[in-house]
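Novice: Enclosed is the structure file data-v9.cif (mmCIF, C-alpha atoms and all ligand atoms).
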```cif
data_my_file
loop_
_atom_site.group_PDB
_atom_site.id
_atom_site.type_symbol
_atom_site.label_atom_id
_atom_site.label_comp_id
_atom_site.auth_asym_id
_atom_site.auth_seq_id
_atom_site.Cartn_x
_atom_site.Cartn_y
_atom_site.Cartn_z
ATOM 1 C CA MET A 1287 26.744 21.815 15.315
ATOM 2 C CA LEU A 1288 27.618 23.761 18.463
ATOM 3 C CA LYS A 1289 24.446 25.776 18.168
ATOM 4 C CA LEU A 1290 22.371 22.644 17.788
ATOM 5 C CA ALA A 1291 24.058 20.992 20.731
ATOM 6 C CA GLY A 1292 23.426 24.141 22.802
ATOM 7 C CA GLY A 1293 19.770 24.099 21.740
ATOM 8 C CA ALA A 1294 19.404 20.506 22.788
ATOM 9 C CA ALA A 1295 20.990 21.240 26.127
ATOM 10 C CA SER A 1296 18.646 24.144 26.863
ATOM 11 C CA LEU A 1297 15.611 22.080 25.817
ATOM 12 C CA ALA A 1298 16.731 19.390 28.205
ATOM 13 C CA ALA A 1299 16.999 22.003 30.929
ATOM 14 C CA LEU A 1300 13.522 23.360 30.162
ATOM 15 C CA GLY A 1301 12.068 19.883 30.245
ATOM 16 C CA GLY A 1302 13.838 19.160 33.485
ATOM 17 C CA LEU A 1303 15.368 16.042 31.980
ATOM 18 C CA GLY A 1304 17.466 14.090 34.401
ATOM 19 C CA ALA A 1305 15.855 15.739 37.402
ATOM 20 C CA GLY A 1306 12.451 14.004 37.452
ATOM 21 C CA PRO A 1307 11.493 10.676 39.007
ATOM 22 C CA ALA A 1308 12.742 7.593 37.157
ATOM 23 C CA ARG A 1309 10.102 5.956 34.971
ATOM 24 C CA ALA A 1310 9.900 2.233 34.347
ATOM 25 C CA ALA A 1311 11.149 1.389 30.883
ATOM 26 C CA ALA A 1312 8.349 0.489 28.467
ATOM 27 C CA PRO A 1313 8.402 -3.203 27.676
ATOM 28 C CA MET A 1314 9.613 -4.403 24.286
ATOM 29 C CA LEU A 1315 6.574 -5.544 22.331
ATOM 30 C CA GLY A 1316 8.097 -7.236 19.342
ATOM 31 C CA VAL A 1317 7.384 -6.451 15.741
ATOM 32 C CA SER A 1318 3.922 -5.350 14.699
ATOM 33 C CA ARG A 1319 3.074 -5.737 11.015
ATOM 34 C CA PRO A 1320 -0.034 -4.577 9.184
ATOM 35 C CA SER A 1321 -1.907 -7.621 7.941
ATOM 36 C CA ILE A 1322 -5.340 -6.391 6.830
ATOM 37 C CA TYR A 1323 -6.080 -3.641 4.330
ATOM 38 C CA ARG A 1324 -9.598 -3.008 3.049
ATOM 39 C CA PHE A 1325 -10.469 -0.517 0.367
ATOM 40 C CA LYS A 1326 -13.332 0.343 -1.965
ATOM 41 C CA LEU A 1327 -13.330 -0.407 -5.650
ATOM 42 C CA GLY A 1328 -16.497 1.167 -6.997
ATOM 43 C CA ASN A 1329 -19.260 -0.656 -5.124
ATOM 44 C CA PHE A 1330 -17.009 -3.557 -4.216
ATOM 45 C CA GLU A 1331 -14.978 -3.905 -1.040
ATOM 46 C CA VAL A 1332 -11.564 -5.480 -1.454
ATOM 47 C CA THR A 1333 -9.674 -6.844 1.551
ATOM 48 C CA ASN A 1334 -6.037 -7.892 1.311
ATOM 49 C CA MET A 1335 -4.778 -10.144 4.092
ATOM 50 C CA LEU A 1336 -1.238 -11.235 4.887
ATOM 51 C CA ASP A 1337 -1.400 -15.020 5.145
ATOM 52 C CA GLY A 1338 2.256 -14.849 6.091
ATOM 53 C CA TYR A 1339 5.813 -14.526 4.938
ATOM 54 C CA VAL A 1340 8.990 -16.490 4.469
ATOM 55 C CA GLN A 1341 12.524 -15.199 4.932
ATOM 56 C CA GLY A 1342 15.711 -16.746 3.636
ATOM 57 C CA ASN A 1343 18.564 -16.520 1.185
ATOM 58 C CA GLY A 1344 18.039 -14.600 -2.002
ATOM 59 C CA PRO A 1345 17.128 -13.019 -4.331
ATOM 60 C CA HIS A 1346 19.555 -15.313 -6.221
ATOM 61 C CA PRO A 1347 19.073 -18.118 -7.223
ATOM 62 C CA THR A 1348 15.272 -17.807 -7.086
ATOM 63 C CA PHE A 1349 15.402 -14.584 -9.105
ATOM 64 C CA GLY A 1350 17.950 -14.101 -11.866
ATOM 65 C CA ASN A 1351 18.144 -17.886 -11.979
ATOM 66 C CA ASN A 1352 19.995 -17.731 -15.321
ATOM 67 C CA GLN A 1353 22.344 -14.943 -14.151
ATOM 68 C CA PRO A 1354 25.605 -15.145 -12.171
ATOM 69 C CA ALA A 1355 24.987 -14.865 -8.418
ATOM 70 C CA GLU A 1356 27.350 -11.880 -8.141
ATOM 71 C CA ALA A 1357 25.462 -9.969 -10.827
ATOM 72 C CA VAL A 1358 22.124 -10.450 -9.061
ATOM 73 C CA GLN A 1359 23.640 -9.547 -5.684
ATOM 74 C CA ALA A 1360 25.201 -6.404 -7.141
ATOM 75 C CA TYR A 1361 21.864 -5.463 -8.708
ATOM 76 C CA ALA A 1362 20.011 -5.989 -5.426
ATOM 77 C CA LYS A 1363 22.561 -3.834 -3.622
ATOM 78 C CA ALA A 1364 22.294 -1.088 -6.246
ATOM 79 C CA GLN A 1365 18.516 -1.110 -5.690
ATOM 80 C CA GLY A 1366 18.977 -0.673 -1.945
ATOM 81 C CA LEU A 1367 18.032 -4.261 -1.128
ATOM 82 C CA PRO A 1368 19.977 -6.726 1.023
ATOM 83 C CA PRO A 1369 22.105 -8.659 -1.497
ATOM 84 C CA THR A 1370 21.860 -12.129 0.047
ATOM 85 C CA LYS A 1371 18.704 -12.118 2.197
ATOM 86 C CA MET A 1372 15.111 -11.684 1.229
ATOM 87 C CA GLU A 1373 11.526 -12.000 2.307
ATOM 88 C CA ASN A 1374 8.555 -13.118 0.306
ATOM 89 C CA VAL A 1375 4.977 -12.453 1.397
ATOM 90 C CA TYR A 1376 1.725 -14.307 0.743
ATOM 91 C CA VAL A 1377 -1.266 -12.040 0.309
ATOM 92 C CA ASN A 1378 -4.843 -13.162 -0.200
ATOM 93 C CA THR A 1379 -7.504 -10.938 -1.678
ATOM 94 C CA LEU A 1380 -11.156 -11.152 -0.660
ATOM 95 C CA VAL A 1381 -13.738 -9.298 -2.747
ATOM 96 C CA ASN A 1382 -17.212 -8.527 -1.501
ATOM 97 C CA THR A 1383 -19.285 -7.702 -4.584
ATOM 98 C CA GLY A 1384 -22.358 -7.042 -2.459
ATOM 99 C CA LYS A 1385 -23.807 -10.314 -3.720
ATOM 100 C CA GLU A 1386 -20.925 -12.731 -3.312
ATOM 101 C CA LEU A 1387 -17.819 -13.071 -1.189
ATOM 102 C CA VAL A 1388 -15.006 -14.136 -3.496
ATOM 103 C CA LEU A 1389 -11.681 -15.279 -2.061
ATOM 104 C CA PHE A 1390 -8.597 -15.473 -4.253
ATOM 105 C CA ASP A 1391 -6.463 -18.459 -3.225
ATOM 106 C CA ALA A 1392 -6.377 -20.074 0.178
ATOM 107 C CA GLY A 1393 -2.902 -19.356 1.502
ATOM 108 C CA ASN A 1394 -0.483 -21.848 2.991
ATOM 109 C CA ALA A 1395 -1.434 -24.996 4.839
ATOM 110 C CA LYS A 1396 -1.447 -24.431 8.584
ATOM 111 C CA GLY A 1397 1.892 -25.621 9.919
ATOM 112 C CA ARG A 1398 3.766 -25.402 6.603
ATOM 113 C CA LEU A 1399 5.681 -22.449 8.028
ATOM 114 C CA PRO A 1400 5.482 -20.901 11.510
ATOM 115 C CA THR A 1401 5.105 -17.509 9.832
ATOM 116 C CA ALA A 1402 2.277 -18.392 7.436
ATOM 117 C CA GLY A 1403 -1.156 -20.005 7.333
ATOM 118 C CA LYS A 1404 -2.824 -17.089 9.129
ATOM 119 C CA LEU A 1405 -5.570 -16.452 6.574
ATOM 120 C CA PRO A 1406 -8.543 -18.119 8.329
ATOM 121 C CA GLU A 1407 -7.974 -16.138 11.531
ATOM 122 C CA LEU A 1408 -7.422 -12.917 9.588
ATOM 123 C CA ILE A 1409 -10.697 -13.428 7.739
ATOM 124 C CA VAL A 1410 -12.392 -13.447 11.147
ATOM 125 C CA THR A 1411 -10.426 -10.421 12.351
ATOM 126 C CA ALA A 1412 -11.406 -8.652 9.127
ATOM 127 C CA GLY A 1413 -15.078 -9.168 9.975
ATOM 128 C CA TYR A 1414 -16.080 -12.253 7.984
ATOM 129 C CA LYS A 1415 -16.517 -15.954 8.651
ATOM 130 C CA PRO A 1416 -14.927 -18.647 6.476
ATOM 131 C CA GLU A 1417 -18.459 -20.110 6.074
ATOM 132 C CA GLN A 1418 -19.522 -16.908 4.313
ATOM 133 C CA VAL A 1419 -17.093 -17.363 1.431
ATOM 134 C CA ASP A 1420 -19.171 -18.172 -1.665
ATOM 135 C CA ILE A 1421 -16.401 -18.723 -4.176
ATOM 136 C CA VAL A 1422 -12.736 -19.604 -3.853
ATOM 137 C CA VAL A 1423 -10.815 -18.734 -6.995
ATOM 138 C CA ILE A 1424 -7.675 -20.829 -7.359
ATOM 139 C CA THR A 1425 -5.287 -18.824 -9.537
ATOM 140 C CA HIS A 1426 -2.904 -21.788 -9.842
ATOM 141 C CA GLY A 1427 -1.934 -24.972 -8.059
ATOM 142 C CA HIS A 1428 1.188 -24.072 -6.082
ATOM 143 C CA PRO A 1429 1.357 -24.931 -2.341
ATOM 144 C CA ASP A 1430 1.173 -21.324 -1.084
ATOM 145 C CA HIS A 1431 -2.128 -20.937 -2.973
ATOM 146 C CA ILE A 1432 -3.890 -24.266 -2.313
ATOM 147 C CA GLY A 1433 -2.517 -25.495 1.033
ATOM 148 C CA GLY A 1434 -5.051 -23.552 3.092
ATOM 149 C CA LEU A 1435 -8.089 -25.060 1.353
ATOM 150 C CA VAL A 1436 -8.208 -27.822 3.960
ATOM 151 C CA ASP A 1437 -7.263 -28.088 7.608
ATOM 152 C CA GLY A 1438 -7.217 -31.414 9.425
ATOM 153 C CA GLY A 1439 -9.052 -33.075 6.533
ATOM 154 C CA LYS A 1440 -11.887 -30.524 6.646
ATOM 155 C CA LEU A 1441 -12.738 -27.846 4.121
ATOM 156 C CA VAL A 1442 -11.830 -24.424 5.490
ATOM 157 C CA TYR A 1443 -14.484 -22.778 3.251
ATOM 158 C CA PRO A 1444 -17.259 -25.374 3.533
ATOM 159 C CA ASN A 1445 -19.943 -23.478 1.615
ATOM 160 C CA ALA A 1446 -17.805 -22.320 -1.277
ATOM 161 C CA ARG A 1447 -17.716 -23.418 -4.847
ATOM 162 C CA TYR A 1448 -14.366 -23.304 -6.607
ATOM 163 C CA VAL A 1449 -13.131 -21.725 -9.795
ATOM 164 C CA ILE A 1450 -9.917 -22.812 -11.513
ATOM 165 C CA SER A 1451 -8.629 -22.872 -15.061
ATOM 166 C CA GLU A 1452 -9.174 -26.114 -16.890
ATOM 167 C CA ALA A 1453 -5.580 -26.130 -18.155
ATOM 168 C CA GLU A 1454 -4.219 -25.837 -14.604
ATOM 169 C CA PHE A 1455 -6.536 -28.503 -13.196
ATOM 170 C CA ASP A 1456 -5.800 -30.937 -16.033
ATOM 171 C CA TYR A 1457 -2.048 -30.421 -15.859
ATOM 172 C CA TRP A 1458 -1.790 -31.377 -12.207
ATOM 173 C CA LYS A 1459 -4.404 -34.109 -12.444
ATOM 174 C CA LYS A 1460 -2.750 -35.819 -15.425
ATOM 175 C CA GLY A 1461 0.645 -35.547 -13.753
ATOM 176 C CA GLU A 1462 2.731 -35.828 -16.911
ATOM 177 C CA ASN A 1463 6.224 -34.303 -17.029
ATOM 178 C CA ILE A 1464 6.116 -33.078 -13.430
ATOM 179 C CA ALA A 1465 9.529 -31.697 -12.458
ATOM 180 C CA GLU A 1466 11.260 -33.436 -9.550
ATOM 181 C CA ALA A 1467 10.929 -30.296 -7.422
ATOM 182 C CA ARG A 1468 7.154 -30.250 -8.025
ATOM 183 C CA LYS A 1469 6.376 -33.902 -7.183
ATOM 184 C CA ALA A 1470 5.253 -33.123 -3.620
ATOM 185 C CA ASN A 1471 3.237 -30.229 -5.026
ATOM 186 C CA ARG A 1472 1.499 -32.656 -7.380
ATOM 187 C CA GLU A 1473 0.680 -34.992 -4.469
ATOM 188 C CA GLN A 1474 -0.803 -32.079 -2.550
ATOM 189 C CA PHE A 1475 -2.871 -31.009 -5.551
ATOM 190 C CA MET A 1476 -4.236 -34.563 -5.909
ATOM 191 C CA GLN A 1477 -5.178 -34.640 -2.225
ATOM 192 C CA VAL A 1478 -6.518 -31.129 -1.814
ATOM 193 C CA VAL A 1479 -7.841 -29.816 -5.141
ATOM 194 C CA VAL A 1480 -8.825 -32.817 -7.253
ATOM 195 C CA PRO A 1481 -11.600 -33.884 -4.814
ATOM 196 C CA LEU A 1482 -13.075 -30.379 -5.217
ATOM 197 C CA GLY A 1483 -13.511 -30.970 -8.947
ATOM 198 C CA GLU A 1484 -17.235 -31.723 -8.530
ATOM 199 C CA LYS A 1485 -17.771 -28.355 -6.845
ATOM 200 C CA ALA A 1486 -15.652 -26.505 -9.396
ATOM 201 C CA THR A 1487 -16.271 -24.315 -12.389
ATOM 202 C CA PHE A 1488 -13.536 -24.562 -15.002
ATOM 203 C CA LEU A 1489 -12.320 -21.531 -16.875
ATOM 204 C CA LYS A 1490 -11.250 -22.056 -20.461
ATOM 205 C CA GLY A 1491 -10.108 -18.566 -21.383
ATOM 206 C CA GLU A 1492 -11.327 -15.149 -20.393
ATOM 207 C CA GLY A 1493 -14.270 -16.569 -18.472
ATOM 208 C CA GLU A 1494 -16.373 -14.616 -16.015
ATOM 209 C CA VAL A 1495 -16.317 -15.670 -12.340
ATOM 210 C CA VAL A 1496 -19.183 -13.387 -11.303
ATOM 211 C CA ALA A 1497 -20.358 -10.052 -12.721
ATOM 212 C CA GLY A 1498 -17.312 -7.751 -12.484
ATOM 213 C CA ILE A 1499 -14.648 -10.462 -12.151
ATOM 214 C CA ARG A 1500 -13.149 -11.892 -15.325
ATOM 215 C CA ALA A 1501 -10.211 -14.239 -15.919
ATOM 216 C CA VAL A 1502 -7.153 -13.380 -18.009
ATOM 217 C CA PRO A 1503 -4.858 -16.277 -18.975
ATOM 218 C CA VAL A 1504 -1.305 -15.653 -17.742
ATOM 219 C CA PHE A 1505 0.313 -19.032 -18.380
ATOM 220 C CA GLY A 1506 4.039 -19.466 -17.716
ATOM 221 C CA HIS A 1507 4.602 -19.408 -13.966
ATOM 222 C CA SER A 1508 2.323 -22.438 -14.025
ATOM 223 C CA PRO A 1509 0.736 -24.133 -17.051
ATOM 224 C CA GLY A 1510 -2.732 -22.660 -16.557
ATOM 225 C CA MET A 1511 -2.397 -19.703 -14.182
ATOM 226 C CA MET A 1512 -5.107 -17.062 -14.379
ATOM 227 C CA ALA A 1513 -5.089 -13.390 -13.443
ATOM 228 C CA PHE A 1514 -8.397 -11.621 -12.794
ATOM 229 C CA HIS A 1515 -9.806 -8.270 -13.793
ATOM 230 C CA ILE A 1516 -11.967 -6.927 -10.988
ATOM 231 C CA GLU A 1517 -14.182 -4.010 -11.967
ATOM 232 C CA SER A 1518 -16.990 -2.027 -10.372
ATOM 233 C CA GLU A 1519 -18.477 1.324 -11.407
ATOM 234 C CA GLY A 1520 -15.613 1.916 -13.850
ATOM 235 C CA GLN A 1521 -12.906 1.315 -11.256
ATOM 236 C CA ARG A 1522 -10.626 -1.522 -12.190
ATOM 237 C CA LEU A 1523 -7.975 -3.677 -10.603
ATOM 238 C CA LEU A 1524 -5.975 -6.584 -11.948
ATOM 239 C CA ASN A 1525 -5.243 -9.374 -9.497
ATOM 240 C CA TRP A 1526 -2.196 -10.769 -11.262
ATOM 241 C CA ALA A 1527 -1.571 -13.723 -8.927
ATOM 242 C CA ASP A 1528 2.107 -14.694 -9.455
ATOM 243 C CA VAL A 1529 2.851 -12.880 -12.708
ATOM 244 C CA ALA A 1530 5.648 -11.170 -10.729
ATOM 245 C CA ASN A 1531 6.909 -12.672 -7.475
ATOM 246 C CA HIS A 1532 9.314 -9.911 -6.458
ATOM 247 C CA TYR A 1533 8.557 -6.216 -6.722
ATOM 248 C CA VAL A 1534 12.064 -5.319 -7.900
ATOM 249 C CA MET A 1535 13.693 -8.391 -9.424
ATOM 250 C CA ALA A 1536 10.728 -9.704 -11.412
ATOM 251 C CA ILE A 1537 9.472 -6.276 -12.493
ATOM 252 C CA GLN A 1538 12.646 -4.376 -13.275
ATOM 253 C CA GLN A 1539 14.320 -7.432 -14.828
ATOM 254 C CA PRO A 1540 11.372 -9.257 -16.388
ATOM 255 C CA ASP A 1541 13.601 -11.407 -18.616
ATOM 256 C CA TRP A 1542 15.562 -12.855 -15.709
ATOM 257 C CA HIS A 1543 14.454 -16.401 -15.102
ATOM 258 C CA VAL A 1544 12.519 -17.184 -11.950
ATOM 259 C CA ALA A 1545 13.234 -20.587 -10.414
ATOM 260 C CA PHE A 1546 9.552 -21.100 -9.499
ATOM 261 C CA ASP A 1547 8.375 -20.633 -13.109
ATOM 262 C CA HIS A 1548 7.187 -23.773 -14.843
ATOM 263 C CA ASP A 1549 8.132 -22.400 -18.276
ATOM 264 C CA LYS A 1550 10.761 -19.732 -17.729
ATOM 265 C CA GLU A 1551 10.559 -18.116 -21.157
ATOM 266 C CA ALA A 1552 6.764 -18.086 -21.088
ATOM 267 C CA GLY A 1553 6.914 -16.606 -17.578
ATOM 268 C CA ALA A 1554 9.093 -13.760 -18.873
ATOM 269 C CA ALA A 1555 6.880 -13.180 -21.941
ATOM 270 C CA THR A 1556 3.766 -13.079 -19.744
ATOM 271 C CA ARG A 1557 5.384 -10.603 -17.353
ATOM 272 C CA LYS A 1558 6.172 -8.182 -20.172
ATOM 273 C CA ARG A 1559 2.736 -8.575 -21.765
ATOM 274 C CA VAL A 1560 0.960 -7.912 -18.462
ATOM 275 C CA PHE A 1561 3.305 -5.051 -17.477
ATOM 276 C CA ASP A 1562 2.700 -3.403 -20.880
ATOM 277 C CA MET A 1563 -1.038 -3.768 -20.422
ATOM 278 C CA VAL A 1564 -1.287 -2.385 -16.888
ATOM 279 C CA SER A 1565 1.261 0.389 -17.423
ATOM 280 C CA ALA A 1566 -0.471 1.601 -20.613
ATOM 281 C CA ASP A 1567 -3.886 1.652 -18.926
ATOM 282 C CA GLN A 1568 -2.606 2.719 -15.476
ATOM 283 C CA THR A 1569 -4.577 -0.223 -14.131
ATOM 284 C CA ALA A 1570 -4.043 -0.830 -10.441
ATOM 285 C CA VAL A 1571 -2.655 -4.222 -9.519
ATOM 286 C CA VAL A 1572 -2.880 -6.541 -6.549
ATOM 287 C CA GLY A 1573 -0.245 -9.258 -6.479
ATOM 288 C CA TYR A 1574 0.075 -12.264 -4.217
ATOM 289 C CA HIS A 1575 3.779 -11.641 -3.585
ATOM 290 C CA MET A 1576 3.900 -7.847 -3.740
ATOM 291 C CA PRO A 1577 4.895 -6.067 -0.501
ATOM 292 C CA PHE A 1578 1.888 -5.684 1.801
ATOM 293 C CA PRO A 1579 -0.688 -4.188 1.345
ATOM 294 C CA SER A 1580 0.137 -5.375 -2.171
ATOM 295 C CA VAL A 1581 -1.687 -2.729 -4.158
ATOM 296 C CA GLY A 1582 0.198 -0.718 -6.728
ATOM 297 C CA PHE A 1583 0.874 0.255 -10.286
ATOM 298 C CA VAL A 1584 3.487 -0.621 -12.866
ATOM 299 C CA GLU A 1585 5.288 2.216 -14.563
ATOM 300 C CA LYS A 1586 7.233 1.813 -17.761
ATOM 301 C CA ALA A 1587 10.862 2.908 -17.284
ATOM 302 C CA GLY A 1588 12.673 2.855 -20.640
ATOM 303 C CA THR A 1589 12.817 -0.795 -21.641
ATOM 304 C CA SER A 1590 12.147 -1.839 -18.052
ATOM 305 C CA TYR A 1591 9.343 -1.375 -15.528
ATOM 306 C CA ARG A 1592 8.938 -0.233 -11.961
ATOM 307 C CA TRP A 1593 6.520 -1.104 -9.136
ATOM 308 C CA VAL A 1594 4.844 1.982 -7.676
ATOM 309 C CA PRO A 1595 2.937 1.225 -4.464
ATOM 310 C CA ALA A 1596 -0.519 2.787 -4.283
ATOM 311 C CA SER A 1597 -0.776 5.534 -1.705
ATOM 312 C CA TYR A 1598 -4.176 7.132 -1.118
ATOM 313 C CA HIS A 1599 -5.637 6.176 -4.493
ATOM 314 C CA PHE A 1600 -8.259 3.889 -3.020
ATOM 315 C CA ASN A 1601 -8.830 5.784 0.198
ATOM 316 C CA LEU A 1602 -10.409 8.801 -1.487
HETATM 317 ZN ZN ZN B 1701 2.795 -17.994 -5.161
#
```
Taking this structure as input, can you express it in the form of structure tokens?

Specialist:
Amino acid sequence: MLKLAGGAASLAALGGLGAGPARAAAPMLGVSRPSIYRFKLGNFEVTNMLDGYVQGNGPHPTFGNNQPAEAVQAYAKAQGLPPTKMENVYVNTLVNTGKELVLFDAGNAKGRLPTAGKLPELIVTAGYKPEQVDIVVITHGHPDHIGGLVDGGKLVYPNARYVISEAEFDYWKKGENIAEARKANREQFMQVVVPLGEKATFLKGEGEVVAGIRAVPVFGHSPGMMAFHIESEGQRLLNWADVANHYVMAIQQPDWHVAFDHDKEAGAATRKRVFDMVSADQTAVVGYHMPFPSVGFVEKAGTSYRWVPASYHFNL
């Protein structure tokens, strides 16, 4: 300790600290967060963009909805997470296949949250124009995925056609057995998505969106949610949409109920099925609510799983 302190003192002396002219303090600039990440997947270019984030109380009762609050808080703390505060991110993926520009989900409606709805401007910053988007894939009908399809009554992606699962479209359109908490969501779907039906292609099962992009049914979180295999030149990625909405809670405790899930048991079963699939194949994943830049892997850990963020895998 003394030695170190002495070292510091002599360094200060060498540097003439305290003797030079006073410098103006650098101004505080506020937080700067990465919001665009582009990488290569075979011949495709994949761009993840941070439409925004929301911060609030949690993880309980959103995660571990069927567990005592104290148990979830203790688990969060043991994992090094704040026990009663959390953040959730919204991350859109744009794939340039070389032939088509395919956008996955449209982010939040502008104005829904001050910290979200940034996707259209990020698309421009990333080097594209919203008019260039050929296809918008709607993974499911929740507000953070469909709200940004329109702005001020106008289509944000005016030249796009739309792809959505038939089961998801029909569920919201029919409007039967809509939970109280989803009634506003249903209204929004009727206003925003149903009019796009004429420009839409409906997926029934493992349908192809374009060459290299194929749907995988992952029902549970919503009645017809789809994940998407994206593959080029033997490199593969699964865009799992909202299969897991928290990189610790929903992955390490897949059986814990998630308040946002339409069918909580089906949500849990889907999580485990998808985690088994991607961990066995070491398939890379992008997830709408995974920490930015939202690319990673799932590792099996005993009877549980773990999110492993990608490092340089796609930069090589
Ligand atoms: Zn979502």

Novice: With 9 Å as the cut-off and all atoms listed in the file counted, what is the closest atom pair between each nearby residue of stretch 1382-1431 of chain A and stretch 1454-1461 of chain A? Distances in Å to one decimal, ordered by chain and number, as JSON lines.

Specialist:
```
{"residue": "A:Thr1425", "atom": "CA", "partner": "A:Glu1454", "partner_atom": "CA", "distance": 8.7}
{"residue": "A:His1426", "atom": "CA", "partner": "A:Glu1454", "partner_atom": "CA", "distance": 6.4}
{"residue": "A:Gly1427", "atom": "CA", "partner": "A:Glu1454", "partner_atom": "CA", "distance": 7.0}
```

Novice: Output the residue selection produced by the PyMOL selection byres (((chain A and resi 1567) around 12) and not hetatm) on the file above, formatted as a list of chain:residue names.

Specialist: A:Gln1521, A:Arg1522, A:Leu1523, A:Leu1524, A:Val1560, A:Phe1561, A:Asp1562, A:Met1563, A:Val1564, A:Ser1565, A:Ala1566, A:Gln1568, A:Thr1569, A:Ala1570, A:Val1571, A:Phe1583, A:Val1584, A:Glu1585, A:Lys1586

Novice: Please provide the set of residues having any atom within 8 Å of A:Ala1486, restricted to all atoms listed in the file, with same-chain residues fewer than 4 positions apart removed, written as a list in words.

Specialist: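 The contact residues come out as Arg1447, Tyr1448, Val1449, Ile1450 and Leu1482 of chain A.
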
Novice: Suppose a student applies the PyMOL selection byres (((chain A and resi 1309-1320) around 10) and not hetatm) to this structure; what residues should they get, written as a ChimeraX atom specification?

Specialist: /A:1306-1308,1321-1323,1335-1336,1578-1579

Novice: Given a cut-off of 10 Å, what residues near ligand ZN 1701 (chain B) show up using all atoms listed in the file, put as a PDB file with C-alpha atoms, in the frame of the given file?

Specialist:
```
ATOM      1  CA  ASN A1374       8.555 -13.118   0.306  1.00  0.00           C
ATOM      2  CA  VAL A1375       4.977 -12.453   1.397  1.00  0.00           C
ATOM      3  CA  TYR A1376       1.725 -14.307   0.743  1.00  0.00           C
ATOM      4  CA  VAL A1377      -1.266 -12.040   0.309  1.00  0.00           C
ATOM      5  CA  ASP A1391      -6.463 -18.459  -3.225  1.00  0.00           C
ATOM      6  CA  GLY A1393      -2.902 -19.356   1.502  1.00  0.00           C
ATOM      7  CA  ASN A1394      -0.483 -21.848   2.991  1.00  0.00           C
ATOM      8  CA  THR A1425      -5.287 -18.824  -9.537  1.00  0.00           C
ATOM      9  CA  HIS A1426      -2.904 -21.788  -9.842  1.00  0.00           C
ATOM     10  CA  GLY A1427      -1.934 -24.972  -8.059  1.00  0.00           C
ATOM     11  CA  HIS A1428       1.188 -24.072  -6.082  1.00  0.00           C
ATOM     12  CA  PRO A1429       1.357 -24.931  -2.341  1.00  0.00           C
ATOM     13  CA  ASP A1430       1.173 -21.324  -1.084  1.00  0.00           C
ATOM     14  CA  HIS A1431      -2.128 -20.937  -2.973  1.00  0.00           C
ATOM     15  CA  ILE A1432      -3.890 -24.266  -2.313  1.00  0.00           C
ATOM     16  CA  HIS A1507       4.602 -19.408 -13.966  1.00  0.00           C
ATOM     17  CA  SER A1508       2.323 -22.438 -14.025  1.00  0.00           C
ATOM     18  CA  ALA A1527      -1.571 -13.723  -8.927  1.00  0.00           C
ATOM     19  CA  ASP A1528       2.107 -14.694  -9.455  1.00  0.00           C
ATOM     20  CA  VAL A1529       2.851 -12.880 -12.708  1.00  0.00           C
ATOM     21  CA  ALA A1530       5.648 -11.170 -10.729  1.00  0.00           C
ATOM     22  CA  ASN A1531       6.909 -12.672  -7.475  1.00  0.00           C
ATOM     23  CA  PHE A1546       9.552 -21.100  -9.499  1.00  0.00           C
ATOM     24  CA  GLY A1573      -0.245  -9.258  -6.479  1.00  0.00           C
ATOM     25  CA  TYR A1574       0.075 -12.264  -4.217  1.00  0.00           C
ATOM     26  CA  HIS A1575       3.779 -11.641  -3.585  1.00  0.00           C
TER      27      HIS A1575
END
```

Novice: Counting all atoms listed in the file, find residues at most 7 Å from (-6.1, -27.9, -3.4) (file frame) and give them as JSON, numbers by chain.

Specialist: {"A": [1427, 1432, 1433, 1435, 1474, 1475, 1477, 1478, 1479, 1480]}

Novice: Calculated over all atoms listed in the file, which of the candidates A:Ala1392, A:Ala1357, A:Ala1453, A:Ala1536 has the smallest distance to A:Leu1441?

Specialist: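 Ranking A:Ala1392, A:Ala1357, A:Ala1453, A:Ala1536 by distance to A:Leu1441, first place goes to A:Ala1392.
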
Novice: Select, from A:Tyr1414, A:Ala1402, A:Phe1349, A:Val1388, the residue with the minimum atom-to-atom distance to A:Ile1516, counting only C-alpha atoms.

Specialist: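 Result for the nearest residue to A:Ile1516: A:Val1388.
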